[in-house]
$ cat start_14.cif   # mmCIF, C-alpha atoms
data_model
#
loop_
_atom_site.group_PDB
_atom_site.id
_atom_site.type_symbol
_atom_site.label_atom_id
_atom_site.label_comp_id
_atom_site.auth_asym_id
_atom_site.auth_seq_id
_atom_site.Cartn_x
_atom_site.Cartn_y
_atom_site.Cartn_z
ATOM 1 C CA MET A 536 62.601 -26.324 -30.486
ATOM 2 C CA ILE A 537 62.007 -22.767 -29.335
ATOM 3 C CA VAL A 538 64.789 -21.404 -27.152
ATOM 4 C CA LYS A 539 63.490 -18.956 -24.580
ATOM 5 C CA PRO A 540 65.503 -15.794 -23.928
ATOM 6 C CA ASP A 541 67.131 -15.379 -20.528
ATOM 7 C CA SER A 542 66.223 -12.679 -18.068
ATOM 8 C CA ALA A 543 66.921 -11.382 -14.570
ATOM 9 C CA ILE A 544 64.838 -9.522 -12.020
ATOM 10 C CA VAL A 545 66.106 -7.035 -9.454
ATOM 11 C CA ALA A 546 63.786 -5.772 -6.719
ATOM 12 C CA GLY A 547 64.804 -2.655 -4.857
ATOM 13 C CA VAL A 548 66.133 -0.496 -7.696
ATOM 14 C CA GLY A 549 66.486 3.116 -6.652
ATOM 15 C CA PRO A 550 69.083 5.713 -7.674
ATOM 16 C CA GLU A 551 71.415 5.098 -10.592
ATOM 17 C CA ARG A 552 74.320 5.017 -8.132
ATOM 18 C CA GLY A 553 72.820 2.300 -5.962
ATOM 19 C CA LEU A 554 73.306 -1.446 -5.609
ATOM 20 C CA GLY A 555 70.004 -2.359 -7.270
ATOM 21 C CA ALA A 556 70.918 -0.350 -10.352
ATOM 22 C CA ALA A 557 74.476 -1.740 -10.367
ATOM 23 C CA LEU A 558 73.167 -5.307 -10.308
ATOM 24 C CA ALA A 559 70.718 -4.543 -13.109
ATOM 25 C CA LEU A 560 73.436 -2.972 -15.241
ATOM 26 C CA CYS A 561 75.728 -5.942 -14.634
ATOM 27 C CA PHE A 562 73.100 -8.531 -15.531
ATOM 28 C CA ALA A 563 72.091 -6.599 -18.639
ATOM 29 C CA ALA A 564 75.739 -6.420 -19.718
ATOM 30 C CA LYS A 565 75.810 -10.226 -19.561
ATOM 31 C CA GLY A 566 72.996 -10.372 -22.112
ATOM 32 C CA LEU A 567 69.995 -10.813 -19.814
ATOM 33 C CA HIS A 568 66.777 -8.864 -20.208
ATOM 34 C CA VAL A 569 66.403 -7.220 -16.799
ATOM 35 C CA PHE A 570 63.153 -6.488 -14.984
ATOM 36 C CA ILE A 571 63.854 -3.638 -12.580
ATOM 37 C CA VAL A 572 61.423 -3.178 -9.704
ATOM 38 C CA GLY A 573 61.035 -0.208 -7.392
ATOM 39 C CA ARG A 574 58.592 2.377 -6.058
ATOM 40 C CA SER A 575 59.792 5.375 -8.084
ATOM 41 C CA SER A 576 58.984 5.438 -11.792
ATOM 42 C CA GLU A 577 61.406 8.339 -12.240
ATOM 43 C CA LYS A 578 64.336 6.419 -10.777
ATOM 44 C CA LEU A 579 63.416 3.245 -12.658
ATOM 45 C CA ASN A 580 63.252 5.108 -15.954
ATOM 46 C CA THR A 581 66.676 6.632 -15.316
ATOM 47 C CA VAL A 582 68.183 3.200 -14.690
ATOM 48 C CA ALA A 583 66.370 1.672 -17.675
ATOM 49 C CA GLN A 584 67.749 4.400 -19.922
ATOM 50 C CA ALA A 585 71.263 3.783 -18.587
ATOM 51 C CA ILE A 586 70.913 0.081 -19.395
ATOM 52 C CA GLN A 587 69.580 0.776 -22.871
ATOM 53 C CA ALA A 588 72.334 3.321 -23.561
ATOM 54 C CA LYS A 589 74.834 0.506 -23.060
ATOM 55 C CA GLY A 590 72.976 -1.815 -25.431
ATOM 56 C CA GLY A 591 71.040 -3.751 -22.798
ATOM 57 C CA GLU A 592 67.334 -4.424 -22.372
ATOM 58 C CA ALA A 593 65.206 -3.524 -19.376
ATOM 59 C CA THR A 594 61.574 -3.472 -18.311
ATOM 60 C CA ALA A 595 60.666 -1.131 -15.472
ATOM 61 C CA VAL A 596 57.931 -2.271 -13.086
ATOM 62 C CA VAL A 597 56.663 0.106 -10.414
ATOM 63 C CA ALA A 598 55.753 -1.941 -7.348
ATOM 64 C CA ASP A 599 55.819 -1.922 -3.563
ATOM 65 C CA VAL A 600 57.188 -5.360 -2.702
ATOM 66 C CA THR A 601 55.585 -5.273 0.748
ATOM 67 C CA ALA A 602 52.153 -5.435 -0.955
ATOM 68 C CA ALA A 603 51.131 -8.878 -2.199
ATOM 69 C CA GLN A 604 49.074 -7.464 -5.065
ATOM 70 C CA ASP A 605 52.030 -5.426 -6.330
ATOM 71 C CA VAL A 606 54.319 -8.439 -6.240
ATOM 72 C CA ALA A 607 51.731 -10.520 -8.099
ATOM 73 C CA HIS A 608 51.466 -7.792 -10.748
ATOM 74 C CA CYS A 609 55.244 -7.618 -11.058
ATOM 75 C CA PHE A 610 55.616 -11.328 -11.691
ATOM 76 C CA GLY A 611 52.658 -11.256 -14.034
ATOM 77 C CA VAL A 612 54.754 -8.940 -16.209
ATOM 78 C CA VAL A 613 57.688 -11.360 -15.917
ATOM 79 C CA ARG A 614 55.596 -14.395 -16.846
ATOM 80 C CA GLU A 615 54.024 -12.578 -19.789
ATOM 81 C CA ARG A 616 57.408 -12.408 -21.518
ATOM 82 C CA GLY A 617 57.901 -16.126 -20.925
ATOM 83 C CA ASP A 618 61.673 -15.930 -20.410
ATOM 84 C CA ASN A 619 63.916 -18.237 -18.446
ATOM 85 C CA VAL A 620 64.621 -16.232 -15.306
ATOM 86 C CA GLN A 621 68.245 -17.067 -14.646
ATOM 87 C CA VAL A 622 68.950 -14.760 -11.727
ATOM 88 C CA ALA A 623 66.900 -12.746 -9.234
ATOM 89 C CA ALA A 624 67.972 -10.354 -6.509
ATOM 90 C CA TYR A 625 65.962 -9.074 -3.566
ATOM 91 C CA ASN A 626 67.847 -5.909 -2.783
ATOM 92 C CA VAL A 627 65.228 -3.962 -0.835
ATOM 93 C CA ASP A 628 66.833 -2.297 2.148
ATOM 94 C CA SER A 629 65.515 0.132 4.697
ATOM 95 C CA ASN A 630 67.204 1.198 7.903
ATOM 96 C CA ILE A 631 66.264 3.549 10.729
ATOM 97 C CA SER A 632 68.636 4.471 13.524
ATOM 98 C CA ALA A 633 66.905 4.788 16.900
ATOM 99 C CA PRO A 634 67.501 3.747 20.532
ATOM 100 C CA PHE A 635 65.286 0.820 21.459
ATOM 101 C CA LEU A 636 62.936 2.747 23.760
ATOM 102 C CA GLN A 637 62.297 5.248 20.972
ATOM 103 C CA ILE A 638 61.231 2.597 18.444
ATOM 104 C CA ASP A 639 57.463 2.443 18.097
ATOM 105 C CA GLU A 640 55.392 -0.405 16.709
ATOM 106 C CA LYS A 641 54.883 1.346 13.387
ATOM 107 C CA THR A 642 58.626 1.742 12.787
ATOM 108 C CA PHE A 643 59.440 -1.801 13.882
ATOM 109 C CA THR A 644 56.730 -3.234 11.631
ATOM 110 C CA ALA A 645 57.737 -1.095 8.653
ATOM 111 C CA LEU A 646 61.323 -2.317 8.846
ATOM 112 C CA TRP A 647 60.184 -5.921 9.069
ATOM 113 C CA ARG A 648 57.814 -5.508 6.111
ATOM 114 C CA GLN A 649 60.491 -3.985 3.875
ATOM 115 C CA ASN A 650 63.430 -6.187 4.810
ATOM 116 C CA CYS A 651 61.686 -9.500 5.507
ATOM 117 C CA LEU A 652 58.022 -9.717 4.477
ATOM 118 C CA GLY A 653 58.760 -8.351 1.005
ATOM 119 C CA ALA A 654 61.448 -11.012 0.601
ATOM 120 C CA PHE A 655 58.910 -13.696 1.512
ATOM 121 C CA LEU A 656 56.433 -12.432 -1.095
ATOM 122 C CA PHE A 657 59.212 -12.138 -3.699
ATOM 123 C CA ALA A 658 60.491 -15.638 -2.897
ATOM 124 C CA LYS A 659 57.062 -17.247 -3.259
ATOM 125 C CA GLU A 660 56.876 -16.010 -6.841
ATOM 126 C CA ILE A 661 60.450 -16.480 -8.025
ATOM 127 C CA VAL A 662 60.902 -19.926 -6.474
ATOM 128 C CA ALA A 663 57.774 -21.164 -8.268
ATOM 129 C CA ILE A 664 59.215 -19.941 -11.579
ATOM 130 C CA MET A 665 62.656 -21.432 -10.971
ATOM 131 C CA GLN A 666 61.188 -24.662 -9.650
ATOM 132 C CA ALA A 667 59.495 -25.195 -13.020
ATOM 133 C CA GLN A 668 62.792 -24.398 -14.763
ATOM 134 C CA GLN A 669 64.786 -26.569 -12.318
ATOM 135 C CA GLN A 670 67.434 -23.864 -12.252
ATOM 136 C CA GLY A 671 68.168 -20.276 -11.276
ATOM 137 C CA THR A 672 69.941 -18.168 -8.679
ATOM 138 C CA VAL A 673 68.203 -16.048 -6.039
ATOM 139 C CA PHE A 674 70.150 -13.451 -4.068
ATOM 140 C CA PHE A 675 69.022 -11.840 -0.820
ATOM 141 C CA THR A 676 71.079 -8.809 0.151
ATOM 142 C CA GLY A 677 71.782 -8.743 3.868
ATOM 143 C CA ALA A 678 73.883 -6.541 6.111
ATOM 144 C CA THR A 679 76.204 -6.650 9.103
ATOM 145 C CA ALA A 680 73.019 -6.544 11.179
ATOM 146 C CA SER A 681 71.961 -9.887 9.683
ATOM 147 C CA LEU A 682 74.484 -11.535 12.018
ATOM 148 C CA ARG A 683 74.435 -9.346 15.100
ATOM 149 C CA ALA A 684 72.184 -6.746 16.656
ATOM 150 C CA LYS A 685 73.876 -3.585 17.812
ATOM 151 C CA PRO A 686 72.162 -0.428 19.035
ATOM 152 C CA PRO A 687 70.807 1.833 17.668
ATOM 153 C CA PHE A 688 69.833 -0.655 14.939
ATOM 154 C CA THR A 689 67.987 -3.303 16.966
ATOM 155 C CA ALA A 690 64.795 -3.134 14.905
ATOM 156 C CA PHE A 691 66.707 -3.249 11.622
ATOM 157 C CA ALA A 692 68.774 -6.203 12.857
ATOM 158 C CA SER A 693 65.699 -8.212 13.820
ATOM 159 C CA ALA A 694 64.330 -7.754 10.296
ATOM 160 C CA LYS A 695 67.626 -8.623 8.615
ATOM 161 C CA ALA A 696 68.034 -11.689 10.834
ATOM 162 C CA GLY A 697 64.597 -12.782 9.665
ATOM 163 C CA LEU A 698 65.693 -12.330 6.063
ATOM 164 C CA ARG A 699 68.743 -14.492 6.699
ATOM 165 C CA ALA A 700 66.616 -17.238 8.257
ATOM 166 C CA LEU A 701 64.268 -17.106 5.267
ATOM 167 C CA ALA A 702 67.203 -17.507 2.875
ATOM 168 C CA GLN A 703 68.577 -20.450 4.883
ATOM 169 C CA GLY A 704 65.253 -22.241 4.828
ATOM 170 C CA LEU A 705 64.833 -21.700 1.102
ATOM 171 C CA ALA A 706 68.348 -22.949 0.389
ATOM 172 C CA ARG A 707 67.827 -26.147 2.340
ATOM 173 C CA GLU A 708 64.469 -26.841 0.732
ATOM 174 C CA PHE A 709 65.125 -25.863 -2.869
ATOM 175 C CA SER A 710 68.847 -26.342 -3.537
ATOM 176 C CA PRO A 711 68.231 -30.046 -4.271
ATOM 177 C CA GLN A 712 65.795 -28.879 -6.962
ATOM 178 C CA GLY A 713 68.474 -26.853 -8.731
ATOM 179 C CA ILE A 714 67.741 -23.426 -7.232
ATOM 180 C CA HIS A 715 70.805 -21.637 -5.910
ATOM 181 C CA VAL A 716 69.795 -19.465 -2.938
ATOM 182 C CA VAL A 717 72.408 -16.966 -1.762
ATOM 183 C CA HIS A 718 72.494 -14.622 1.224
ATOM 184 C CA THR A 719 75.092 -11.854 1.035
ATOM 185 C CA VAL A 720 76.314 -9.957 4.080
ATOM 186 C CA ILE A 721 77.268 -6.430 3.055
ATOM 187 C CA ASP A 722 79.638 -5.619 5.911
ATOM 188 C CA GLY A 723 80.498 -1.983 5.286
ATOM 189 C CA VAL A 724 79.281 1.191 3.636
ATOM 190 C CA ILE A 725 78.478 1.124 -0.077
ATOM 191 C CA ASP A 726 79.855 3.976 -2.159
ATOM 192 C CA GLY A 727 76.531 5.097 -3.581
ATOM 193 C CA ASP A 728 74.148 8.018 -3.600
ATOM 194 C CA ARG A 729 72.510 7.112 -0.298
ATOM 195 C CA ALA A 730 75.720 7.200 1.725
ATOM 196 C CA ARG A 731 77.080 10.263 -0.060
ATOM 197 C CA ASN A 732 73.841 12.185 0.500
ATOM 198 C CA GLN A 733 73.027 11.061 4.043
ATOM 199 C CA PHE A 734 76.447 11.077 5.717
ATOM 200 C CA PRO A 735 79.009 12.715 3.418
ATOM 201 C CA GLU A 736 81.489 13.408 6.236
ATOM 202 C CA TYR A 737 81.698 9.710 7.074
ATOM 203 C CA VAL A 738 82.161 8.813 3.404
ATOM 204 C CA ALA A 739 84.934 11.382 3.071
ATOM 205 C CA ALA A 740 86.675 10.045 6.179
ATOM 206 C CA LYS A 741 86.548 6.475 4.874
ATOM 207 C CA GLY A 742 87.970 7.350 1.463
ATOM 208 C CA GLN A 743 87.284 5.384 -1.711
ATOM 209 C CA GLU A 744 89.240 2.314 -0.574
ATOM 210 C CA GLY A 745 87.258 2.207 2.654
ATOM 211 C CA LEU A 746 83.914 1.821 0.859
ATOM 212 C CA LEU A 747 82.329 -1.061 -1.009
ATOM 213 C CA GLN A 748 82.292 -0.243 -4.713
ATOM 214 C CA LEU A 749 79.033 -0.942 -6.540
ATOM 215 C CA GLU A 750 80.553 -2.564 -9.606
ATOM 216 C CA ALA A 751 82.737 -4.821 -7.443
ATOM 217 C CA ILE A 752 79.710 -6.106 -5.518
ATOM 218 C CA ALA A 753 77.822 -6.739 -8.764
ATOM 219 C CA GLN A 754 80.778 -8.661 -10.203
ATOM 220 C CA THR A 755 80.817 -10.860 -7.110
ATOM 221 C CA TYR A 756 77.096 -11.601 -7.464
ATOM 222 C CA TRP A 757 77.639 -12.624 -11.078
ATOM 223 C CA ALA A 758 80.587 -14.862 -10.161
ATOM 224 C CA ILE A 759 78.467 -16.629 -7.541
ATOM 225 C CA HIS A 760 75.683 -17.086 -10.100
ATOM 226 C CA GLN A 761 78.149 -18.861 -12.386
ATOM 227 C CA GLN A 762 79.342 -21.363 -9.757
ATOM 228 C CA PRO A 763 79.181 -25.046 -10.756
ATOM 229 C CA ARG A 764 76.518 -27.005 -8.899
ATOM 230 C CA SER A 765 79.194 -29.146 -7.236
ATOM 231 C CA ALA A 766 80.524 -26.132 -5.310
ATOM 232 C CA TRP A 767 77.768 -23.689 -4.421
ATOM 233 C CA THR A 768 78.078 -20.842 -1.942
ATOM 234 C CA HIS A 769 75.028 -20.121 0.191
ATOM 235 C CA GLU A 770 76.347 -17.255 2.305
ATOM 236 C CA LEU A 771 79.254 -14.887 1.846
ATOM 237 C CA ASP A 772 80.388 -11.609 3.349
ATOM 238 C CA LEU A 773 81.765 -8.635 1.432
ATOM 239 C CA ARG A 774 83.725 -5.781 2.960
ATOM 240 C CA PRO A 775 86.518 -3.367 2.030
ATOM 241 C CA PHE A 776 89.962 -4.748 2.845
ATOM 242 C CA LYS A 777 90.422 -2.020 5.478
ATOM 243 C CA GLU A 778 87.097 -2.660 7.233
ATOM 244 C CA PRO A 779 87.527 -4.096 10.781
ATOM 245 C CA PHE A 780 85.487 -7.163 11.662
#
$ encode --input "start_14.cif" --output "structure tokens"
Amino acid sequence: MIVKPDSAIVAGVGPERGLGAALALCFAAKGLHVFIVGRSSEKLNTVAQAIQAKGGEATAVVADVTAAQDVAHCFGVVRERGDNVQVAAYNVDSNISAPFLQIDEKTFTALWRQNCLGAFLFAKEIVAIMQAQQQGTVFFTGATASLRAKPPFTAFASAKAGLRALAQGLAREFSPQGIHVVHTVIDGVIDGDRARNQFPEYVAAKGQEGLLQLEAIAQTYWAIHQQPRSAWTHELDLRPFKEPF
């Protein structure tokens, strides 16, 4: 009997100090071959090299997950290896701050495509793979806005709420088939390159203990992946202990 190797796939891998990269590094450290997916070959190569430097294995796939043909190509690469895909994470996130009357159709649609439509295309592919395996964990990374819309993030919230609804529907349909579908609510600011580059004053004011640490989030994802089937979590929220809610 041929035993297939295990792998993971992470969509939405950007800078090395970002959640997508942290998840990929974590999964690789657990012995999984990791497919890392993103739009920047330069960033993907940096993350792949970081994984390999720590003894892990990674395949970089340049793809725009809002384009069906790119997603099909990405999963063609996954299927070509023939691994058991144990865990998948849709970590694509895009946010634009704007008062409602300043949001145009193009912006609203772009946010929906990145945060929701891409997740739909990703789910169609990964669920089919895990359905054949009768096992696997799929994570969808949400945000505070997944649960409530607050200006000036109304457009972002509508997209994230759609992502949450998608995850709920998938969980109810496919959990009985052995597929663990998880929606995570990231309720706070992640201590990564994006926050440090875009609003450094806010990051400094929060301090390290006021920010979500990348490795801590990744460890939580892995712990959820390892849950026994008799006690699965579908949705959980993560925030620094000092974060008000």
$ resolve_selection --input "start_14.cif" --expression "the PyMOL selection byres ((chain A and resi 548) around 10)" --output "list in words"
Val545, Ala546, Gly547, Gly549, Pro550, Glu551, Arg552, Gly553, Leu554, Gly555, Ala556, Ala557, Leu558, Ala559, Phe570, Ile571, Val572, Gly573, Arg574, Ser575, Lys578, Leu579, Val582, Ala595, Val596, Val597, Tyr625, Asn626 and Val627 of chain A
$ residues_around --input "start_14.cif" --residues "region 704-713 of chain A" --least-positions-apart "5" --cutoff "12 Å" --atoms "all atoms listed in the file" --output "MDAnalysis selection string"
chainID A and resid 621 654:655 658:659 661:675 697:699 718 763:770
$ closest_residue --input "start_14.cif" --among "A:Gln649, A:Asn580, A:Thr644, A:Ser632" --to "Asp599 (chain A)" --atoms "all atoms listed in the file"
A:Gln649
$ atom_distance --input "start_14.cif" --atom1 "CA of Asn630 (chain A)" --atom2 "CA of Val600 (chain A)"
16.0 Å
$ atom_distance --input "start_14.cif" --atom1 "CA of Val717 (chain A)" --atom2 "CA of Pro687 (chain A)"
27.1 Å
$ residues_around --input "start_14.cif" --residues "region 721-730 of chain A" --least-positions-apart "5" --cutoff "12 Å" --atoms "all atoms listed in the file" --output "JSON, numbers by chain"
{"A": [549, 550, 551, 552, 553, 554, 555, 556, 557, 626, 628, 629, 630, 675, 676, 677, 678, 679, 680, 681, 682, 683, 695, 735, 736, 737, 738, 739, 740, 741, 742, 743, 744, 745, 746, 747, 748, 749, 750, 751, 752, 753, 755, 756, 770, 771, 772, 773, 774, 775, 776, 777, 778, 779, 780]}
$ closest_residue --input "start_14.cif" --among "A:Ala583, A:Ala700, A:Ile714, A:Ala692" --to "Leu560 (chain A)" --atoms "all atoms listed in the file"
A:Ala583
$ closest_residue --input "start_14.cif" --among "A:Ile638, A:Ile544, A:Leu656, A:Val720" --to "Phe691 (chain A)" --atoms "only C-alpha atoms"
A:Ile638
$ atom_distance --input "start_14.cif" --atom1 "CA of Glu640 (chain A)" --atom2 "CA of Ala607 (chain A)"
27.0 Å
$ closest_residue --input "start_14.cif" --among "A:Val620, A:Ala588, A:Val538, A:Ala702" --to "Leu567 (chain A)" --atoms "all atoms listed in the file"
A:Val620
$ resolve_selection --input "start_14.cif" --expression "the PyMOL selection byres ((chain A and resi 618) around 8)" --output "list in words"
Lys539, Pro540, Asp541, Ser542, Val613, Arg614, Arg616, Gly617, Asn619 and Val620 of chain A
$ closest_residue --input "start_14.cif" --among "A:Ala696, A:Ala690, A:Val612, A:Ile631" --to "Glu660 (chain A)" --atoms "only C-alpha atoms"
A:Val612
$ build_atoms --input "start_14.cif" --residues "region 742-757 of chain A" --atoms "N, CA and C atoms" --output "PDB file, in the coordinates of the input"
ATOM      1  N   GLY A 742      87.211   7.361   2.708  1.00  0.00           N
ATOM      2  CA  GLY A 742      87.970   7.350   1.463  1.00  0.00           C
ATOM      3  C   GLY A 742      87.460   6.247   0.541  1.00  0.00           C
ATOM      4  N   GLN A 743      87.821   6.333  -0.727  1.00  0.00           N
ATOM      5  CA  GLN A 743      87.284   5.384  -1.711  1.00  0.00           C
ATOM      6  C   GLN A 743      87.625   3.937  -1.376  1.00  0.00           C
ATOM      7  N   GLU A 744      88.842   3.687  -0.871  1.00  0.00           N
ATOM      8  CA  GLU A 744      89.240   2.314  -0.574  1.00  0.00           C
ATOM      9  C   GLU A 744      88.603   1.781   0.705  1.00  0.00           C
ATOM     10  N   GLY A 745      87.939   2.647   1.447  1.00  0.00           N
ATOM     11  CA  GLY A 745      87.258   2.207   2.654  1.00  0.00           C
ATOM     12  C   GLY A 745      85.787   1.932   2.443  1.00  0.00           C
ATOM     13  N   LEU A 746      85.323   2.029   1.186  1.00  0.00           N
ATOM     14  CA  LEU A 746      83.914   1.821   0.859  1.00  0.00           C
ATOM     15  C   LEU A 746      83.764   0.671  -0.135  1.00  0.00           C
ATOM     16  N   LEU A 747      82.652  -0.011  -0.032  1.00  0.00           N
ATOM     17  CA  LEU A 747      82.329  -1.061  -1.009  1.00  0.00           C
ATOM     18  C   LEU A 747      81.934  -0.416  -2.326  1.00  0.00           C
ATOM     19  N   GLN A 748      82.591  -0.804  -3.405  1.00  0.00           N
ATOM     20  CA  GLN A 748      82.292  -0.243  -4.713  1.00  0.00           C
ATOM     21  C   GLN A 748      81.168  -1.028  -5.393  1.00  0.00           C
ATOM     22  N   LEU A 749      80.226  -0.323  -5.968  1.00  0.00           N
ATOM     23  CA  LEU A 749      79.033  -0.942  -6.540  1.00  0.00           C
ATOM     24  C   LEU A 749      79.369  -1.993  -7.592  1.00  0.00           C
ATOM     25  N   GLU A 750      80.235  -1.642  -8.523  1.00  0.00           N
ATOM     26  CA  GLU A 750      80.553  -2.564  -9.606  1.00  0.00           C
ATOM     27  C   GLU A 750      81.244  -3.818  -9.072  1.00  0.00           C
ATOM     28  N   ALA A 751      82.050  -3.667  -8.022  1.00  0.00           N
ATOM     29  CA  ALA A 751      82.737  -4.821  -7.443  1.00  0.00           C
ATOM     30  C   ALA A 751      81.739  -5.783  -6.804  1.00  0.00           C
ATOM     31  N   ILE A 752      80.745  -5.246  -6.111  1.00  0.00           N
ATOM     32  CA  ILE A 752      79.710  -6.106  -5.518  1.00  0.00           C
ATOM     33  C   ILE A 752      78.959  -6.849  -6.624  1.00  0.00           C
ATOM     34  N   ALA A 753      78.571  -6.125  -7.672  1.00  0.00           N
ATOM     35  CA  ALA A 753      77.822  -6.739  -8.764  1.00  0.00           C
ATOM     36  C   ALA A 753      78.632  -7.850  -9.433  1.00  0.00           C
ATOM     37  N   GLN A 754      79.926  -7.638  -9.603  1.00  0.00           N
ATOM     38  CA  GLN A 754      80.778  -8.661 -10.203  1.00  0.00           C
ATOM     39  C   GLN A 754      80.813  -9.913  -9.338  1.00  0.00           C
ATOM     40  N   THR A 755      80.814  -9.716  -8.019  1.00  0.00           N
ATOM     41  CA  THR A 755      80.817 -10.860  -7.110  1.00  0.00           C
ATOM     42  C   THR A 755      79.502 -11.639  -7.216  1.00  0.00           C
ATOM     43  N   TYR A 756      78.387 -10.927  -7.300  1.00  0.00           N
ATOM     44  CA  TYR A 756      77.096 -11.601  -7.464  1.00  0.00           C
ATOM     45  C   TYR A 756      77.115 -12.454  -8.732  1.00  0.00           C
ATOM     46  N   TRP A 757      77.624 -11.880  -9.818  1.00  0.00           N
ATOM     47  CA  TRP A 757      77.639 -12.624 -11.078  1.00  0.00           C
ATOM     48  C   TRP A 757      78.540 -13.861 -10.984  1.00  0.00           C
TER      49      TRP A 757
END
